[in-house]
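Here's the structure, in structure tokens; my notes come after.
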Amino acid sequence: MSKQKKIIVAIDGFSSCGKSTIAKALAKEVGYTYIDTGAMYRAVALYCMQEGLMDEQWQINQDELSKRIDKIAVVFKTNSQGVSETYLNGVNVEQQIRSLHAATGASKVSQLRMVRQAMVKQQHLMGKDKGIVMDGRDIGTVVFPQAELKIFLTALPEIRAKRRFDELQAKGETISFDEVLKNTIERDKNDMSRTESPLLKADDALLLDNSYLLPEQQTKWIRDAFNKVLESV
Ligand code: DC
């Protein structure tokens, strides 16, 4: 088959596993579009916070949200430095959605069926022409179960929390490592135990534990996996 044939690459796994790093690197290398579905749930959480649909205890006004859910448009635009940024109803929210607060909000809104259905609808449109690397929690199981290449990423919770802690510190967030570890474990639990599209490895997904891998080792691993699939389609 032609080397030009485009495929869908689905990358799922736990939070702070480095999914986006590996997905972005592959997308750049092979000229595909990178889609960060976590950013979409974060943007919905931000919308709920801004519109007063989520309170301090993370309770969501589901009646009101159900009336507005189809009006929440999340799109990605590439900035002048070639970096993809998230827009919520036309507004650049890339910075705001990266806080720990938005992450916790995202883990709450992503449990709602109406939110998942609306986001999956948008994700299907983004992938209709293939040539995408999409990362998330349910890409290989629910969004694109027919994806030609599925990868499930994992790493030890302490290692993931340390990576997240370093990132947050670099951004100037004042937070303890224990808090980040607690948040990581809590998010894993929410992701795996929710009824709607829980985090699950698809049977045919390749497993990659990157706890002790160097970035270049990971990049090579995924590039080899991509080339192998491309040769077979
Ligand atoms: O990958 P992330 O940390 O940006 O994801 C934010 C939250 O959204 C996280 O709690 C899991 C959830 N999520 C999801 O339920 N399904 C996806 N496809 C992507 C993210």
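Here, A, B, ... name the chains of the structure tokens in the order displayed, residue numbers run from 1 inside each chain, and ligands are numbered from 1 in the same displayed order.
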Write out as a count of residues only all residues of region 6-88 of chain A that backbone DSSP assigns to helix (DSSP H, G or I). 36
Write out as a ChimeraX atom specification each polymer residue (protein, DNA or RNA) that has an atom no more than 8 Å from ligand 1, with only C-alpha atoms and all ligand atoms counted. /A:12,14-16,19-20,36-42,98,103-111,116,135-139,187-188,190-191,197-199
Produce a file of the selected residues containing N, CA and C atoms, as a short mmCIF file (atom, residue, chain, number, x, y, z; two decimals), in the first residue's frame.
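Result file selection_19.cif:
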data_model
loop_
_atom_site.label_atom_id
_atom_site.label_comp_id
_atom_site.auth_asym_id
_atom_site.auth_seq_id
_atom_site.Cartn_x
_atom_site.Cartn_y
_atom_site.Cartn_z
N ASP A 12 -3.77 6.72 24.59
CA ASP A 12 -4.50 6.84 25.86
C ASP A 12 -3.57 6.52 27.02
N PHE A 14 -2.82 7.22 31.64
CA PHE A 14 -3.03 7.97 32.88
C PHE A 14 -2.60 9.43 32.72
N SER A 15 -3.05 10.27 33.66
CA SER A 15 -2.67 11.68 33.58
C SER A 15 -1.18 11.84 33.90
N SER A 16 -0.59 12.87 33.31
CA SER A 16 0.82 13.20 33.49
C SER A 16 1.78 12.06 33.15
N LYS A 19 1.73 11.86 27.70
CA LYS A 19 1.01 11.54 26.46
C LYS A 19 1.15 12.67 25.44
N SER A 20 0.97 13.90 25.93
CA SER A 20 0.98 15.01 24.98
C SER A 20 2.37 15.21 24.38
N ASP A 36 -5.44 17.31 21.46
CA ASP A 36 -5.35 17.07 22.90
C ASP A 36 -6.78 17.06 23.46
N THR A 37 -7.36 15.87 23.64
CA THR A 37 -8.77 15.84 24.06
C THR A 37 -8.94 16.23 25.53
N GLY A 38 -7.86 16.07 26.33
CA GLY A 38 -7.93 16.50 27.72
C GLY A 38 -8.20 18.00 27.78
N ALA A 39 -7.60 18.73 26.83
CA ALA A 39 -7.80 20.19 26.79
C ALA A 39 -9.27 20.51 26.56
N MET A 40 -9.96 19.64 25.84
CA MET A 40 -11.38 19.89 25.55
C MET A 40 -12.21 19.77 26.84
N TYR A 41 -11.90 18.75 27.64
CA TYR A 41 -12.63 18.61 28.92
C TYR A 41 -12.25 19.72 29.90
N ARG A 42 -11.00 20.14 29.84
CA ARG A 42 -10.57 21.26 30.68
C ARG A 42 -11.32 22.53 30.28
N ARG A 98 -4.65 25.09 32.04
CA ARG A 98 -3.53 24.25 32.51
C ARG A 98 -3.36 24.25 34.02
N ALA A 103 -7.83 21.22 36.01
CA ALA A 103 -7.65 19.76 35.86
C ALA A 103 -8.67 19.02 36.73
N THR A 104 -8.84 19.49 37.94
CA THR A 104 -9.81 18.83 38.83
C THR A 104 -11.22 19.02 38.28
N GLY A 105 -11.52 20.22 37.82
CA GLY A 105 -12.83 20.49 37.20
C GLY A 105 -13.06 19.57 36.01
N ALA A 106 -12.01 19.37 35.22
CA ALA A 106 -12.13 18.51 34.02
C ALA A 106 -12.43 17.08 34.42
N SER A 107 -11.82 16.63 35.51
CA SER A 107 -12.08 15.24 35.91
C SER A 107 -13.54 15.09 36.39
N LYS A 108 -14.16 16.19 36.81
CA LYS A 108 -15.58 16.14 37.21
C LYS A 108 -16.49 16.19 35.98
N VAL A 109 -16.28 17.18 35.11
CA VAL A 109 -17.20 17.30 33.95
C VAL A 109 -17.07 16.10 33.01
N SER A 110 -15.86 15.49 32.98
CA SER A 110 -15.67 14.38 32.05
C SER A 110 -16.41 13.12 32.49
N GLN A 111 -17.00 13.18 33.68
CA GLN A 111 -17.79 12.02 34.13
C GLN A 111 -19.21 12.06 33.58
N ARG A 116 -19.35 14.09 27.48
CA ARG A 116 -18.57 13.16 26.66
C ARG A 116 -19.15 13.07 25.25
N ASP A 135 -4.75 12.32 21.67
CA ASP A 135 -4.50 11.70 22.97
C ASP A 135 -5.63 11.97 23.95
N GLY A 136 -5.80 11.04 24.89
CA GLY A 136 -6.89 11.16 25.87
C GLY A 136 -6.99 9.94 26.75
N ARG A 137 -8.22 9.54 27.03
CA ARG A 137 -8.44 8.38 27.92
C ARG A 137 -9.27 7.29 27.23
N ASP A 138 -10.05 7.72 26.22
CA ASP A 138 -11.01 6.79 25.60
C ASP A 138 -10.88 6.79 24.08
N ILE A 139 -9.74 7.22 23.58
CA ILE A 139 -9.63 7.38 22.12
C ILE A 139 -9.64 6.01 21.44
N ARG A 187 -7.20 11.50 40.54
CA ARG A 187 -7.62 11.58 39.13
C ARG A 187 -7.59 10.20 38.46
N ASP A 188 -6.58 9.40 38.82
CA ASP A 188 -6.51 8.03 38.28
C ASP A 188 -7.78 7.28 38.67
N ASN A 190 -10.72 8.49 39.59
CA ASN A 190 -11.89 9.03 38.86
C ASN A 190 -11.92 8.52 37.43
N ASP A 191 -10.75 8.56 36.77
CA ASP A 191 -10.68 8.17 35.36
C ASP A 191 -11.04 6.69 35.17
N SER A 197 -17.32 5.83 29.76
CA SER A 197 -16.01 5.70 29.11
C SER A 197 -14.83 5.70 30.08
N PRO A 198 -14.76 4.75 31.00
CA PRO A 198 -13.62 4.75 31.92
C PRO A 198 -12.29 4.54 31.19
N LEU A 199 -11.23 4.97 31.85
CA LEU A 199 -9.90 4.76 31.26
C LEU A 199 -9.61 3.27 31.24
#
Which residues are close to Ile159 (chain A), i.e. within 9 Å by only C-alpha atoms, leaving aside same-chain residues fewer than 6 positions away? Reply as a PyMOL selection string. chain A and resi 16-17+211-212
Export N, CA and C atoms of the chosen residues as a PDB file, in the first residue's frame?
ATOM      1  N   SER A  16      -0.593  12.873  33.307  1.00  0.00           N
ATOM      2  CA  SER A  16       0.823  13.199  33.491  1.00  0.00           C
ATOM      3  C   SER A  16       1.776  12.055  33.153  1.00  0.00           C
ATOM      4  N   CYS A  17       1.421  11.314  32.129  1.00  0.00           N
ATOM      5  CA  CYS A  17       2.266  10.217  31.644  1.00  0.00           C
ATOM      6  C   CYS A  17       3.179  10.700  30.540  1.00  0.00           C
ATOM      7  N   SER A 211       8.081   4.896  32.698  1.00  0.00           N
ATOM      8  CA  SER A 211       8.617   5.337  34.002  1.00  0.00           C
ATOM      9  C   SER A 211      10.112   5.640  33.923  1.00  0.00           C
ATOM     10  N   TYR A 212      10.842   4.761  33.287  1.00  0.00           N
ATOM     11  CA  TYR A 212      12.294   4.931  33.278  1.00  0.00           C
ATOM     12  C   TYR A 212      12.862   5.105  31.865  1.00  0.00           C
TER      13      TYR A 212
END
Identify, on the basis of only C-alpha atoms, every residue whose closest approach to region 213-220 of chain A does not exceed 9 Å; exclude the query and any residue fewer than 4 positions from it along the same chain; express the result as a list of chain:residue names.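 My reading of the contact set: A:Thr21, A:Ile22, A:Ala25, A:Leu26, A:Leu208, A:Asp209, A:Asp224, A:Ala225.
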Got time to write the residues from that selection, N, CA, C and O atoms, as a PDB file, in the first residue's frame?
ATOM      1  N   THR A  21       3.408  14.995  25.181  1.00  0.00           N
ATOM      2  CA  THR A  21       4.771  15.170  24.660  1.00  0.00           C
ATOM      3  C   THR A  21       5.037  14.185  23.524  1.00  0.00           C
ATOM      4  O   THR A  21       5.484  14.562  22.438  1.00  0.00           O
ATOM      5  N   ILE A  22       4.703  12.940  23.781  1.00  0.00           N
ATOM      6  CA  ILE A  22       4.958  11.896  22.792  1.00  0.00           C
ATOM      7  C   ILE A  22       4.045  12.082  21.569  1.00  0.00           C
ATOM      8  O   ILE A  22       4.469  11.930  20.429  1.00  0.00           O
ATOM      9  N   ALA A  25       5.251  15.133  19.497  1.00  0.00           N
ATOM     10  CA  ALA A  25       6.494  14.830  18.787  1.00  0.00           C
ATOM     11  C   ALA A  25       6.213  13.969  17.561  1.00  0.00           C
ATOM     12  O   ALA A  25       6.726  14.232  16.468  1.00  0.00           O
ATOM     13  N   LEU A  26       5.348  12.977  17.725  1.00  0.00           N
ATOM     14  CA  LEU A  26       5.042  12.110  16.581  1.00  0.00           C
ATOM     15  C   LEU A  26       4.307  12.904  15.498  1.00  0.00           C
ATOM     16  O   LEU A  26       4.638  12.814  14.313  1.00  0.00           O
ATOM     17  N   LEU A 208       2.931   0.913  26.701  1.00  0.00           N
ATOM     18  CA  LEU A 208       4.254   1.521  26.886  1.00  0.00           C
ATOM     19  C   LEU A 208       4.357   2.105  28.291  1.00  0.00           C
ATOM     20  O   LEU A 208       3.660   3.054  28.629  1.00  0.00           O
ATOM     21  N   ASP A 209       5.221   1.509  29.118  1.00  0.00           N
ATOM     22  CA  ASP A 209       5.488   2.045  30.458  1.00  0.00           C
ATOM     23  C   ASP A 209       6.746   2.904  30.336  1.00  0.00           C
ATOM     24  O   ASP A 209       7.824   2.385  30.066  1.00  0.00           O
ATOM     25  N   ASP A 224       8.916   3.728  15.556  1.00  0.00           N
ATOM     26  CA  ASP A 224       8.984   2.361  15.028  1.00  0.00           C
ATOM     27  C   ASP A 224       7.583   1.754  14.928  1.00  0.00           C
ATOM     28  O   ASP A 224       7.240   1.111  13.934  1.00  0.00           O
ATOM     29  N   ALA A 225       6.778   1.987  15.973  1.00  0.00           N
ATOM     30  CA  ALA A 225       5.413   1.435  15.978  1.00  0.00           C
ATOM     31  C   ALA A 225       4.602   2.043  14.833  1.00  0.00           C
ATOM     32  O   ALA A 225       3.863   1.347  14.125  1.00  0.00           O
TER      33      ALA A 225
END
Using only C-alpha atoms, determine which residues lie at most 12 Å from Lys71 (chain A), disregarding the query and same-chain residues fewer than 2 positions distant; provide the list as an mmCIF file with C-alpha atoms, in the first residue's frame.
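Output contents, as saved in out-v3.cif:
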data_model
loop_
_atom_site.group_PDB
_atom_site.id
_atom_site.type_symbol
_atom_site.label_atom_id
_atom_site.label_comp_id
_atom_site.auth_asym_id
_atom_site.auth_seq_id
_atom_site.Cartn_x
_atom_site.Cartn_y
_atom_site.Cartn_z
ATOM 1 C CA VAL A 44 -15.672 22.619 29.347
ATOM 2 C CA TYR A 47 -16.788 27.214 30.816
ATOM 3 C CA GLU A 64 -28.396 24.335 32.757
ATOM 4 C CA LEU A 65 -25.348 22.666 31.251
ATOM 5 C CA SER A 66 -27.522 20.331 29.181
ATOM 6 C CA LYS A 67 -29.197 23.374 27.598
ATOM 7 C CA ARG A 68 -25.855 24.886 26.637
ATOM 8 C CA ILE A 69 -23.620 21.903 25.924
ATOM 9 C CA ALA A 73 -17.134 24.956 20.877
ATOM 10 C CA VAL A 74 -13.564 23.914 21.536
ATOM 11 C CA LEU A 88 -13.198 28.121 23.978
ATOM 12 C CA ASN A 89 -15.991 29.777 22.012
ATOM 13 C CA GLY A 90 -13.437 31.881 20.158
ATOM 14 C CA VAL A 115 -20.279 16.259 28.057
ATOM 15 C CA ALA A 118 -20.656 16.454 22.830
ATOM 16 C CA MET A 119 -16.850 16.236 22.895
ATOM 17 C CA GLN A 122 -16.357 17.249 17.902
#
Near Gly131 (chain A), counting only C-alpha atoms, which residues have an atom at most 6 Å away, once you skip same-chain residues fewer than 4 positions from it, shown as a list in words?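 Answer for this query is Lys6, Ile7, Ile8 and Tyr32 of chain A.
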